[in-house]
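Below is one structure, written out as structure tokens; the observations come after it.
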Amino acid sequence: MSRRILILQGHPDASEPHLCHALAQHYLEGAEATGHSVRVIDVGTLDFPLLRSRRAWENEPLPEALRESQTAIAWAEHLVLFFPLWLGDMPALFKGFLEQVARPGFAFAPGATSPFAAKGLSGRSARVVVTMGMPALVYEHFYRAHSVKSLERNVLGFVGIAPIEATLIGQVESLSERALRAWFERLHEMGRWAR
């Protein structure tokens, strides 16, 4: 069964390709080969201000550069987020993007009195793909994958996205060609099955 998939490329450096871009490309190729409809947003190419107050989040209009992003998120049935782990978390630009697009009236149903009952993005699933320098097992077990869990619970889950799966790719600076190929094949398969 064909699905509508949105790839959110969260690597902030769009000036050259990075591992996140290659992984996303393999996912995209697998999804398209199976007949899924895919759109891609490369956050590093977007120009938008960071939010500085709750008032701005609630009342100021969404920056024009992000209107197409909200449209794509509303269109999608499955979101795939790619980003590198920087200082234990997602890059600030990607976090700023999520803060901007997750506005009341979009990510939260209009007029709702409680955000807990106003999940405006229900009915969508997600996969989070994170690259990192440390071993993924260390991040997952010693650091408890805190930033990925926070993203899953406090951002994606809070607006109704479920289920959410995570793929953690560690020691990226020392991956062999064979290991890279294995990851590319794995992401291609995930794309084929819209997982």
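Residue numbering restarts at 1 in every chain; chains get A, B, ... in the order shown in the structure tokens, and ligands count up from 1 in that same order.
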_Using DSSP assignments from the backbone, pull out every residue in range 38-91 of chain A that falls under alpha helix (DSSP H) and give it to me as JSON, numbers by chain._
{"A": [54, 55, 56, 57, 58, 59, 67, 68, 69, 70, 71, 72, 73, 74, 75]}
Based on the selection just made, write N, CA and C atoms of those residues as a compact mmCIF listing (two decimals), in the first residue's frame.
```txt
# COMPACT_ATOMS: atom_id res chain seq x y z
N ARG A 54 6.74 33.25 23.76
CA ARG A 54 5.48 32.52 23.61
C ARG A 54 4.48 33.34 22.79
N ARG A 55 4.49 34.65 23.01
CA ARG A 55 3.59 35.54 22.26
C ARG A 55 3.84 35.40 20.76
N ALA A 56 5.11 35.37 20.37
CA ALA A 56 5.44 35.23 18.95
C ALA A 56 4.95 33.88 18.43
N TRP A 57 5.14 32.82 19.21
CA TRP A 57 4.71 31.48 18.81
C TRP A 57 3.20 31.41 18.63
N GLU A 58 2.48 32.05 19.54
CA GLU A 58 1.02 31.98 19.50
C GLU A 58 0.39 32.96 18.52
N ASN A 59 1.00 34.16 18.34
CA ASN A 59 0.30 35.22 17.62
C ASN A 59 0.94 35.71 16.32
N ARG A 67 5.73 28.10 5.07
CA ARG A 67 4.35 27.73 4.70
C ARG A 67 4.31 26.40 3.94
N GLU A 68 5.22 26.23 2.99
CA GLU A 68 5.27 24.99 2.23
C GLU A 68 5.60 23.80 3.13
N SER A 69 6.41 24.03 4.18
CA SER A 69 6.74 22.96 5.12
C SER A 69 5.50 22.50 5.87
N GLN A 70 4.70 23.44 6.35
CA GLN A 70 3.45 23.06 7.03
C GLN A 70 2.53 22.30 6.08
N THR A 71 2.43 22.75 4.85
CA THR A 71 1.59 22.06 3.86
C THR A 71 2.07 20.63 3.66
N ALA A 72 3.39 20.44 3.57
CA ALA A 72 3.95 19.10 3.38
C ALA A 72 3.71 18.22 4.60
N ILE A 73 3.82 18.78 5.79
CA ILE A 73 3.57 17.99 7.01
C ILE A 73 2.10 17.58 7.07
N ALA A 74 1.21 18.49 6.73
CA ALA A 74 -0.23 18.16 6.72
C ALA A 74 -0.53 17.08 5.68
N TRP A 75 0.17 17.09 4.56
CA TRP A 75 -0.01 16.11 3.48
C TRP A 75 0.47 14.72 3.87
```
*Residues at most 9 Å from His36 in chain A, counting only C-alpha atoms, excluding those fewer than 6 positions away in the same chain, as a ChimeraX atom specification?*
/A:1-5,30,191-194
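Distance-wise, CA of Leu79 in chain A and CA of Phe142 in chain A end up 27.5 Å apart.
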Can you write out as JSON lines which residues of range 63-100 of chain A fall within 6 Å of range 128-137 of chain A, alongside each residue's closest atom pair and its distance in Å to one decimal, counting only C-alpha atoms and ordering rows by chain and ascending residue number?
```
{"residue": "A:Val80", "atom": "CA", "partner": "A:Val128", "partner_atom": "CA", "distance": 5.9}
{"residue": "A:Leu81", "atom": "CA", "partner": "A:Val128", "partner_atom": "CA", "distance": 4.8}
{"residue": "A:Phe82", "atom": "CA", "partner": "A:Val129", "partner_atom": "CA", "distance": 4.8}
{"residue": "A:Phe83", "atom": "CA", "partner": "A:Val130", "partner_atom": "CA", "distance": 5.2}
{"residue": "A:Pro84", "atom": "CA", "partner": "A:Thr131", "partner_atom": "CA", "distance": 4.6}
{"residue": "A:Leu85", "atom": "CA", "partner": "A:Met132", "partner_atom": "CA", "distance": 5.2}
```
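With only C-alpha atoms as the atoms that count, the residue of A:Glu64, A:Glu152, A:Glu29, A:Asp13 with the shortest distance to Val43 in chain A is A:Asp13.
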*Out of range 26-164 of chain A, which residues get strand (DSSP E) from DSSP, as a VMD selection string?*
chain A and resid 37 to 42 78 to 84 125 to 131 164
*Quick one: of A:His188, A:Arg195, A:Arg103, A:Arg52, who's nearest to Ala22 in chain A, counting only C-alpha atoms?*
A:His188
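If you look at CA of Ala107 in chain A and CA of Val155 in chain A, they are 9.7 Å away from each other.
The nearest approach to Leu66 in chain A among the residues A:Leu8, A:Val38, A:Met90, A:Val101, with only C-alpha atoms taken into account, belongs to A:Val101.
The shell of residues at most 12 Å from Lys149 in chain A, with only C-alpha atoms counted and near chain neighbours (fewer than 5 positions) removed, consists of Gly88, Asp89, Met90, Val128, Val130, Tyr139, Glu140, Tyr143, Arg144, Asn154, Val155, Leu156, Gly157, Phe158, Ile164, Glu165, Ala166, Thr167 and Leu168 of chain A.
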Filtering to N, CA, C and O atoms, could you give me those residues as a PDB file, in the first residue's frame?
```pdb
ATOM      1  N   GLY A  88      24.886  16.521  22.141  1.00  0.00           N
ATOM      2  CA  GLY A  88      23.876  15.708  22.809  1.00  0.00           C
ATOM      3  C   GLY A  88      22.453  15.933  22.356  1.00  0.00           C
ATOM      4  O   GLY A  88      21.523  15.397  22.951  1.00  0.00           O
ATOM      5  N   ASP A  89      22.246  16.727  21.306  1.00  0.00           N
ATOM      6  CA  ASP A  89      20.880  17.045  20.890  1.00  0.00           C
ATOM      7  C   ASP A  89      20.846  17.290  19.380  1.00  0.00           C
ATOM      8  O   ASP A  89      21.869  17.231  18.707  1.00  0.00           O
ATOM      9  N   MET A  90      19.661  17.603  18.869  1.00  0.00           N
ATOM     10  CA  MET A  90      19.550  17.964  17.461  1.00  0.00           C
ATOM     11  C   MET A  90      20.163  19.341  17.254  1.00  0.00           C
ATOM     12  O   MET A  90      20.213  20.155  18.189  1.00  0.00           O
ATOM     13  N   VAL A 128      12.829   8.521  13.311  1.00  0.00           N
ATOM     14  CA  VAL A 128      13.883   9.482  13.603  1.00  0.00           C
ATOM     15  C   VAL A 128      15.214   8.775  13.355  1.00  0.00           C
ATOM     16  O   VAL A 128      15.475   7.730  13.956  1.00  0.00           O
ATOM     17  N   VAL A 130      19.248   9.269  13.530  1.00  0.00           N
ATOM     18  CA  VAL A 130      20.237  10.144  14.153  1.00  0.00           C
ATOM     19  C   VAL A 130      21.629   9.569  13.961  1.00  0.00           C
ATOM     20  O   VAL A 130      21.870   8.396  14.267  1.00  0.00           O
ATOM     21  N   TYR A 139      25.201   5.900  23.686  1.00  0.00           N
ATOM     22  CA  TYR A 139      24.181   6.941  23.715  1.00  0.00           C
ATOM     23  C   TYR A 139      22.849   6.388  24.219  1.00  0.00           C
ATOM     24  O   TYR A 139      22.175   7.014  25.037  1.00  0.00           O
ATOM     25  N   GLU A 140      22.508   5.204  23.759  1.00  0.00           N
ATOM     26  CA  GLU A 140      21.217   4.623  24.120  1.00  0.00           C
ATOM     27  C   GLU A 140      21.159   4.167  25.577  1.00  0.00           C
ATOM     28  O   GLU A 140      20.168   4.401  26.261  1.00  0.00           O
ATOM     29  N   TYR A 143      23.542   7.282  28.144  1.00  0.00           N
ATOM     30  CA  TYR A 143      22.874   8.587  28.116  1.00  0.00           C
ATOM     31  C   TYR A 143      21.359   8.460  27.976  1.00  0.00           C
ATOM     32  O   TYR A 143      20.652   9.453  27.955  1.00  0.00           O
ATOM     33  N   ARG A 144      20.885   7.241  27.851  1.00  0.00           N
ATOM     34  CA  ARG A 144      19.452   6.927  27.759  1.00  0.00           C
ATOM     35  C   ARG A 144      18.768   7.596  26.559  1.00  0.00           C
ATOM     36  O   ARG A 144      17.571   7.853  26.584  1.00  0.00           O
ATOM     37  N   ASN A 154       8.083  14.902  23.686  1.00  0.00           N
ATOM     38  CA  ASN A 154       7.719  16.300  23.912  1.00  0.00           C
ATOM     39  C   ASN A 154       7.415  17.093  22.649  1.00  0.00           C
ATOM     40  O   ASN A 154       6.905  18.208  22.745  1.00  0.00           O
ATOM     41  N   VAL A 155       7.752  16.549  21.499  1.00  0.00           N
ATOM     42  CA  VAL A 155       7.446  17.254  20.250  1.00  0.00           C
ATOM     43  C   VAL A 155       6.509  16.392  19.402  1.00  0.00           C
ATOM     44  O   VAL A 155       5.337  16.701  19.246  1.00  0.00           O
ATOM     45  N   LEU A 156       7.027  15.288  18.882  1.00  0.00           N
ATOM     46  CA  LEU A 156       6.232  14.469  17.961  1.00  0.00           C
ATOM     47  C   LEU A 156       5.010  13.859  18.646  1.00  0.00           C
ATOM     48  O   LEU A 156       3.885  13.985  18.159  1.00  0.00           O
ATOM     49  N   GLY A 157       5.217  13.204  19.764  1.00  0.00           N
ATOM     50  CA  GLY A 157       4.096  12.587  20.476  1.00  0.00           C
ATOM     51  C   GLY A 157       3.113  13.610  21.012  1.00  0.00           C
ATOM     52  O   GLY A 157       1.905  13.376  21.034  1.00  0.00           O
ATOM     53  N   PHE A 158       3.619  14.764  21.418  1.00  0.00           N
ATOM     54  CA  PHE A 158       2.768  15.803  21.994  1.00  0.00           C
ATOM     55  C   PHE A 158       1.753  16.336  20.994  1.00  0.00           C
ATOM     56  O   PHE A 158       0.670  16.769  21.364  1.00  0.00           O
ATOM     57  N   ILE A 164       6.328   6.071  16.775  1.00  0.00           N
ATOM     58  CA  ILE A 164       7.588   6.707  16.418  1.00  0.00           C
ATOM     59  C   ILE A 164       8.698   5.685  16.644  1.00  0.00           C
ATOM     60  O   ILE A 164       8.802   5.120  17.731  1.00  0.00           O
ATOM     61  N   GLU A 165       9.499   5.457  15.624  1.00  0.00           N
ATOM     62  CA  GLU A 165      10.640   4.544  15.723  1.00  0.00           C
ATOM     63  C   GLU A 165      11.923   5.349  15.577  1.00  0.00           C
ATOM     64  O   GLU A 165      11.935   6.386  14.906  1.00  0.00           O
ATOM     65  N   ALA A 166      13.005   4.861  16.184  1.00  0.00           N
ATOM     66  CA  ALA A 166      14.290   5.560  16.098  1.00  0.00           C
ATOM     67  C   ALA A 166      15.360   4.629  15.546  1.00  0.00           C
ATOM     68  O   ALA A 166      15.379   3.434  15.852  1.00  0.00           O
ATOM     69  N   THR A 167      16.235   5.190  14.728  1.00  0.00           N
ATOM     70  CA  THR A 167      17.405   4.492  14.202  1.00  0.00           C
ATOM     71  C   THR A 167      18.621   5.318  14.586  1.00  0.00           C
ATOM     72  O   THR A 167      18.735   6.481  14.176  1.00  0.00           O
ATOM     73  N   LEU A 168      19.496   4.739  15.394  1.00  0.00           N
ATOM     74  CA  LEU A 168      20.685   5.431  15.883  1.00  0.00           C
ATOM     75  C   LEU A 168      21.914   4.856  15.200  1.00  0.00           C
ATOM     76  O   LEU A 168      22.141   3.641  15.249  1.00  0.00           O
TER      77      LEU A 168
END
```
*Between CA of Gln100 in chain A and CA of Val159 in chain A, measure the distance and give it in Å to one decimal.*
13.5 Å
